[in-house]
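Novice: To be precise about what I am sending: the file is called coords_26.cif and holds mmCIF, C-alpha atoms.
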```cif
data_work
loop_
_atom_site.label_atom_id
_atom_site.label_comp_id
_atom_site.auth_asym_id
_atom_site.auth_seq_id
_atom_site.Cartn_x
_atom_site.Cartn_y
_atom_site.Cartn_z
CA MET A 1 -33.68 -114.94 -41.44
CA LYS A 2 -37.05 -116.54 -40.52
CA ARG A 3 -38.17 -116.30 -44.13
CA ARG A 4 -35.07 -118.10 -45.33
CA ARG A 5 -35.53 -120.91 -42.79
CA GLY A 6 -39.18 -121.23 -43.74
CA GLY A 7 -38.24 -121.58 -47.42
CA ILE A 8 -35.70 -124.27 -46.59
CA VAL A 9 -38.26 -126.20 -44.52
CA ILE A 10 -40.87 -125.97 -47.28
CA GLY A 11 -38.30 -127.01 -49.90
CA ALA A 12 -37.26 -129.99 -47.80
CA ALA A 13 -40.89 -130.97 -47.21
CA ILE A 14 -41.48 -131.00 -50.97
CA ALA A 15 -38.21 -132.75 -51.86
CA ALA A 16 -38.44 -135.52 -49.24
CA PRO A 17 -41.43 -137.38 -50.77
CA VAL A 18 -39.92 -137.08 -54.26
CA VAL A 19 -36.57 -138.50 -53.09
CA LEU A 20 -38.31 -141.23 -51.06
CA GLY A 21 -40.51 -142.19 -54.02
CA ALA A 22 -37.55 -142.33 -56.39
CA GLY A 23 -35.55 -144.43 -53.91
CA LEU A 24 -38.42 -146.89 -53.45
CA TYR A 25 -38.86 -147.22 -57.22
CA TRP A 26 -35.11 -147.73 -57.79
CA PHE A 27 -34.44 -150.26 -55.01
CA GLN A 28 -37.88 -151.94 -54.75
CA PRO A 29 -37.14 -153.23 -51.23
CA TRP A 30 -40.49 -155.02 -50.91
CA LYS A 31 -39.26 -157.64 -53.38
CA ILE A 32 -37.02 -159.04 -50.62
CA TRP A 33 -40.17 -160.50 -49.06
CA GLN A 34 -41.86 -161.57 -52.30
CA ASP A 35 -41.19 -164.89 -53.96
CA ASP A 36 -42.37 -165.67 -57.49
CA THR A 37 -42.40 -169.43 -58.09
CA VAL A 38 -42.59 -170.72 -61.67
CA ARG A 39 -43.12 -174.39 -62.53
CA GLU A 40 -42.79 -174.72 -66.30
CA ALA A 41 -42.75 -178.24 -67.70
CA LEU A 42 -39.85 -179.56 -69.71
CA PRO A 43 -40.74 -179.05 -73.38
CA SER A 44 -41.90 -182.26 -75.01
CA ALA A 45 -41.59 -183.41 -78.58
CA SER A 46 -44.41 -182.19 -80.74
CA ALA A 47 -46.15 -184.40 -83.26
CA SER A 48 -44.90 -182.25 -86.13
CA ALA A 49 -41.27 -182.57 -84.96
CA ALA A 50 -41.31 -186.38 -84.77
CA PRO A 51 -40.25 -188.34 -87.85
CA SER A 52 -43.16 -189.70 -89.83
CA ALA A 53 -43.82 -193.42 -89.37
CA ALA A 54 -45.08 -193.61 -92.97
CA SER A 55 -41.77 -192.36 -94.37
CA SER A 56 -39.68 -195.03 -92.66
CA GLY A 57 -42.17 -197.86 -92.59
CA THR A 58 -41.76 -198.31 -88.81
CA ALA A 59 -43.07 -196.36 -85.91
CA ALA A 60 -40.25 -194.17 -84.58
CA PRO A 61 -40.36 -192.96 -81.01
CA ALA A 62 -40.74 -189.21 -80.70
CA ALA A 63 -37.40 -187.65 -79.87
CA GLY A 64 -37.38 -185.45 -76.80
CA PRO A 65 -35.19 -182.59 -75.70
CA ARG A 66 -31.50 -183.47 -75.43
CA THR A 67 -29.18 -181.87 -72.88
CA VAL A 68 -26.21 -180.30 -74.69
CA ALA A 69 -24.55 -178.55 -71.73
CA GLN A 70 -25.25 -177.96 -68.06
CA GLY A 71 -23.90 -176.43 -64.88
CA GLY A 72 -24.70 -175.63 -61.27
CA LEU A 73 -25.47 -172.09 -60.15
CA ILE A 74 -23.14 -170.43 -57.65
CA SER A 75 -23.95 -167.41 -55.52
CA HIS A 76 -22.73 -163.92 -56.27
CA GLU A 77 -24.49 -160.82 -54.92
CA HIS A 78 -27.34 -163.00 -53.55
CA THR A 79 -27.51 -166.64 -52.46
CA THR A 80 -28.42 -168.56 -55.62
CA THR A 81 -28.77 -172.31 -56.21
CA GLY A 82 -30.13 -174.53 -58.96
CA THR A 83 -29.15 -176.21 -62.22
CA VAL A 84 -28.87 -174.70 -65.69
CA LYS A 85 -29.36 -176.88 -68.75
CA LEU A 86 -28.93 -176.02 -72.41
CA LEU A 87 -31.38 -178.22 -74.31
CA ARG A 88 -31.67 -178.97 -78.01
CA LEU A 89 -35.27 -179.57 -79.05
CA PRO A 90 -36.29 -182.06 -81.77
CA ASP A 91 -36.85 -179.22 -84.25
CA GLY A 92 -33.20 -178.09 -83.84
CA SER A 93 -33.94 -175.03 -81.71
CA HIS A 94 -32.45 -174.53 -78.25
CA ILE A 95 -33.77 -173.49 -74.88
CA LEU A 96 -32.10 -172.68 -71.61
CA ARG A 97 -33.75 -174.35 -68.64
CA LEU A 98 -33.36 -173.33 -65.00
CA GLU A 99 -34.24 -176.17 -62.63
CA ASN A 100 -34.78 -175.89 -58.88
CA LEU A 101 -33.81 -172.21 -59.04
CA ASP A 102 -33.71 -170.49 -55.67
CA THR A 103 -32.49 -166.89 -55.51
CA SER A 104 -33.58 -163.55 -54.13
CA ASN A 105 -36.13 -161.48 -55.95
CA GLY A 106 -34.97 -158.11 -57.19
CA PRO A 107 -35.58 -155.29 -59.60
CA ASP A 108 -34.99 -155.88 -63.30
CA LEU A 109 -33.52 -159.40 -63.17
CA ARG A 110 -32.55 -160.95 -66.52
CA VAL A 111 -31.26 -164.31 -67.73
CA TRP A 112 -28.10 -163.89 -69.80
CA LEU A 113 -26.14 -166.37 -71.87
CA THR A 114 -22.52 -165.10 -71.80
CA ASP A 115 -18.97 -165.88 -72.84
CA ALA A 116 -17.51 -164.73 -69.49
CA PRO A 117 -15.81 -167.17 -67.14
CA VAL A 118 -17.66 -167.82 -63.89
CA LYS A 119 -15.64 -166.57 -60.93
CA GLU A 120 -16.52 -167.17 -57.30
CA GLY A 121 -16.94 -164.37 -54.81
CA VAL A 122 -16.97 -160.64 -55.38
CA ALA A 123 -14.56 -161.00 -58.33
CA GLY A 124 -17.37 -162.63 -60.33
CA TRP A 125 -20.14 -160.15 -59.61
CA ARG A 126 -19.58 -157.76 -62.51
CA VAL A 127 -17.74 -159.67 -65.27
CA PHE A 128 -20.69 -160.75 -67.41
CA ASP A 129 -21.25 -157.50 -69.29
CA ASP A 130 -17.54 -157.22 -70.19
CA GLY A 131 -17.74 -159.55 -73.18
CA LYS A 132 -20.36 -161.08 -75.43
CA TYR A 133 -23.79 -161.84 -73.99
CA VAL A 134 -27.37 -162.27 -75.10
CA SER A 135 -30.35 -161.51 -72.88
CA LEU A 136 -32.93 -164.29 -72.92
CA GLY A 137 -35.47 -162.06 -71.18
CA LYS A 138 -36.69 -161.14 -67.73
CA LEU A 139 -36.36 -163.75 -65.01
CA LYS A 140 -39.84 -165.29 -64.81
CA GLY A 141 -39.59 -166.06 -61.11
CA ASN A 142 -36.95 -166.29 -58.44
CA LYS A 143 -37.86 -169.90 -57.60
CA GLY A 144 -38.75 -173.02 -59.55
CA ASP A 145 -38.28 -174.44 -63.04
CA GLN A 146 -38.39 -172.24 -66.14
CA ASN A 147 -37.53 -172.27 -69.83
CA TYR A 148 -36.00 -169.52 -71.97
CA GLU A 149 -35.97 -169.69 -75.76
CA ILE A 150 -32.61 -169.03 -77.37
CA PRO A 151 -33.26 -166.77 -80.36
CA ALA A 152 -32.73 -168.14 -83.86
CA GLY A 153 -29.33 -167.11 -85.16
CA VAL A 154 -27.67 -167.34 -81.74
CA ASP A 155 -25.08 -170.12 -81.63
CA PRO A 156 -25.27 -171.53 -78.09
CA ALA A 157 -21.81 -173.09 -78.49
CA ALA A 158 -20.33 -169.55 -78.54
CA TYR A 159 -21.35 -169.01 -74.89
CA SER A 160 -19.84 -170.66 -71.85
CA SER A 161 -21.92 -169.41 -68.94
CA VAL A 162 -25.29 -168.18 -67.70
CA THR A 163 -25.98 -165.42 -65.19
CA ILE A 164 -29.02 -164.14 -63.34
CA TRP A 165 -28.20 -160.49 -63.99
CA CYS A 166 -29.62 -157.43 -62.24
CA ASP A 167 -29.74 -154.89 -65.06
CA ARG A 168 -30.59 -152.06 -62.69
CA PHE A 169 -27.41 -152.42 -60.61
CA ASP A 170 -25.15 -154.22 -63.14
CA VAL A 171 -24.45 -157.16 -60.86
CA SER A 172 -24.80 -160.94 -61.02
CA PHE A 173 -27.07 -162.57 -58.45
CA GLY A 174 -25.65 -165.98 -59.41
CA ALA A 175 -24.05 -167.76 -62.36
CA ALA A 176 -23.21 -171.15 -63.80
CA GLY A 177 -20.46 -172.31 -66.11
CA LEU A 178 -21.77 -174.58 -68.89
CA THR A 179 -20.04 -177.94 -69.40
CA GLN A 180 -20.69 -179.90 -72.60
CA VAL A 181 -22.50 -183.20 -72.01
#
```
Is it possible to express this structure as structure tokens?

Specialist:
Amino acid sequence: MKRRRGGIVIGAAIAAPVVLGAGLYWFQPWKIWQDDTVREALPSASASAAPSAASSGTAAPAAGPRTVAQGGLISHEHTTTGTVKLLRLPDGSHILRLENLDTSNGPDLRVWLTDAPVKEGVAGWRVFDDGKYVSLGKLKGNKGDQNYEIPAGVDPAAYSSVTIWCDRFDVSFGAAGLTQV
């Protein structure tokens, strides 16, 4: 009987650090106390994108980014605030811009452009992977202003919302419906 108990104790002593390590990796609880602030500038018109003054005979002002759609972030799993803007750049490409973002940090956060309706409360936490979505990449920081390129071939008009999505736990931290401007 003593041998059996000793084997159980040794097995538990070996398993405990493995389980603890896996749990720490999966949940990454230290991120609760870490903020990553990003302050990316609004993209400006490049010289190559501006119409040539020689072709028209007059100096044309360089066109800047134009807001196509926007919305305010609402909280889901975590308190989330800020503004989302869909911008068309002078070269015809699009970016998604998060302004004054303030949310919790977390493991494996992504920015998704989706066709799902934004719902308040718990009902809206898990709807964004039910339909069509495109990942614009990892969230650069949980605070500040940041830009995300919309890949060529993606029609931004086909999407009606944006979510800060936790890929690890399949839950929205916050989302915004996009309204045409």

Novice: How close does each residue of range 118-141 of chain A get to range 91-104 of chain A, giving the shortest atom pair and distance in Å to one decimal for every residue with an atom at most 12 Å away, counting only C-alpha atoms, sorted by chain and residue number, as a Markdown table?

Specialist:
```
| residue | atom | partner | partner_atom | distance |
| --- | --- | --- | --- | --- |
| A:Val134 | CA | A:Leu96 | CA | 12.0 |
| A:Ser135 | CA | A:Leu96 | CA | 11.4 |
| A:Leu136 | CA | A:Leu96 | CA | 8.5 |
| A:Gly137 | CA | A:Leu96 | CA | 11.2 |
| A:Leu139 | CA | A:Leu98 | CA | 10.0 |
| A:Lys140 | CA | A:Leu98 | CA | 10.3 |
| A:Gly141 | CA | A:Leu101 | CA | 8.7 |
```

Novice: Would you mind listing what lies within 9 Å of Tyr133 in chain A as a ChimeraX atom specification, with all atoms listed in the file counted and same-chain residues fewer than 6 positions away left out?

Specialist: /A:112-116,159

Novice: Out of A:Ala157, A:Val9, A:Ile150, A:Ala63, which residue has the shortest atom-to-atom distance to Gln180 in chain A when counting all atoms listed in the file?

Specialist: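 Under the stated criterion, the closest residue is A:Ala157.
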
Novice: Apply the PyMOL selection byres ((chain A and resi 172) around 9) to the file shown and report the selected residues as a list of chain:residue names.

Specialist: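 Taken on the displayed file, the PyMOL selection byres ((chain A and resi 172) around 9) yields the residues A:Ser75, A:His76, A:Glu77, A:His78, A:Gly124, A:Trp125, A:Arg126, A:Val127, A:Phe128, A:Thr163, A:Ile164, A:Trp165, A:Cys166, A:Asp167, A:Phe169, A:Asp170, A:Val171, A:Phe173, A:Gly174, A:Ala175.
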
Novice: What gap, in Å, lies between CA of Gln146 in chain A and CA of Leu86 in chain A?

Specialist: 12.0 Å

Novice: CA of Gly64 in chain A and CA of Thr37 in chain A, how far apart in Å?

Specialist: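 CA of Gly64 in chain A lies at a distance of 25.1 Å from CA of Thr37 in chain A.
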
Novice: Taking all atoms listed in the file into account, name the residue in A:Leu109, A:Ile74, A:Ile14, A:Leu89 that is nearest to Ser44 in chain A.

Specialist: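 Of A:Leu109, A:Ile74, A:Ile14, A:Leu89, the one nearest Ser44 in chain A is A:Leu89, counting all atoms listed in the file.
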
Novice: Separation of CA of Lys143 in chain A and CA of Gln70 in chain A, in Å?

Specialist: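 CA of Gln70 in chain A lies at a distance of 18.3 Å from CA of Lys143 in chain A.
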
Novice: Please determine, counting all atoms listed in the file, which residue among A:Asp35, A:Glu120, A:Glu40, A:Asp129 has the shortest atom-to-atom distance to Asn147 in chain A.

Specialist: A:Glu40

Novice: Go through A:Lys119, A:Pro17, A:Val181, A:Asp36 one by one, measure the shortest atom-to-atom distance of each to Leu73 in chain A using only C-alpha atoms, and give the residue with the smallest value.

Specialist: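 For Leu73 in chain A, the nearest of the candidates is A:Lys119.
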
Novice: Under the rule that all atoms listed in the file are counted, which of A:Leu42, A:Leu178, A:Asn105, A:Glu149 is the nearest residue to Val68 in chain A?

Specialist: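 Closest to Val68 in chain A of all the choices is A:Leu178.
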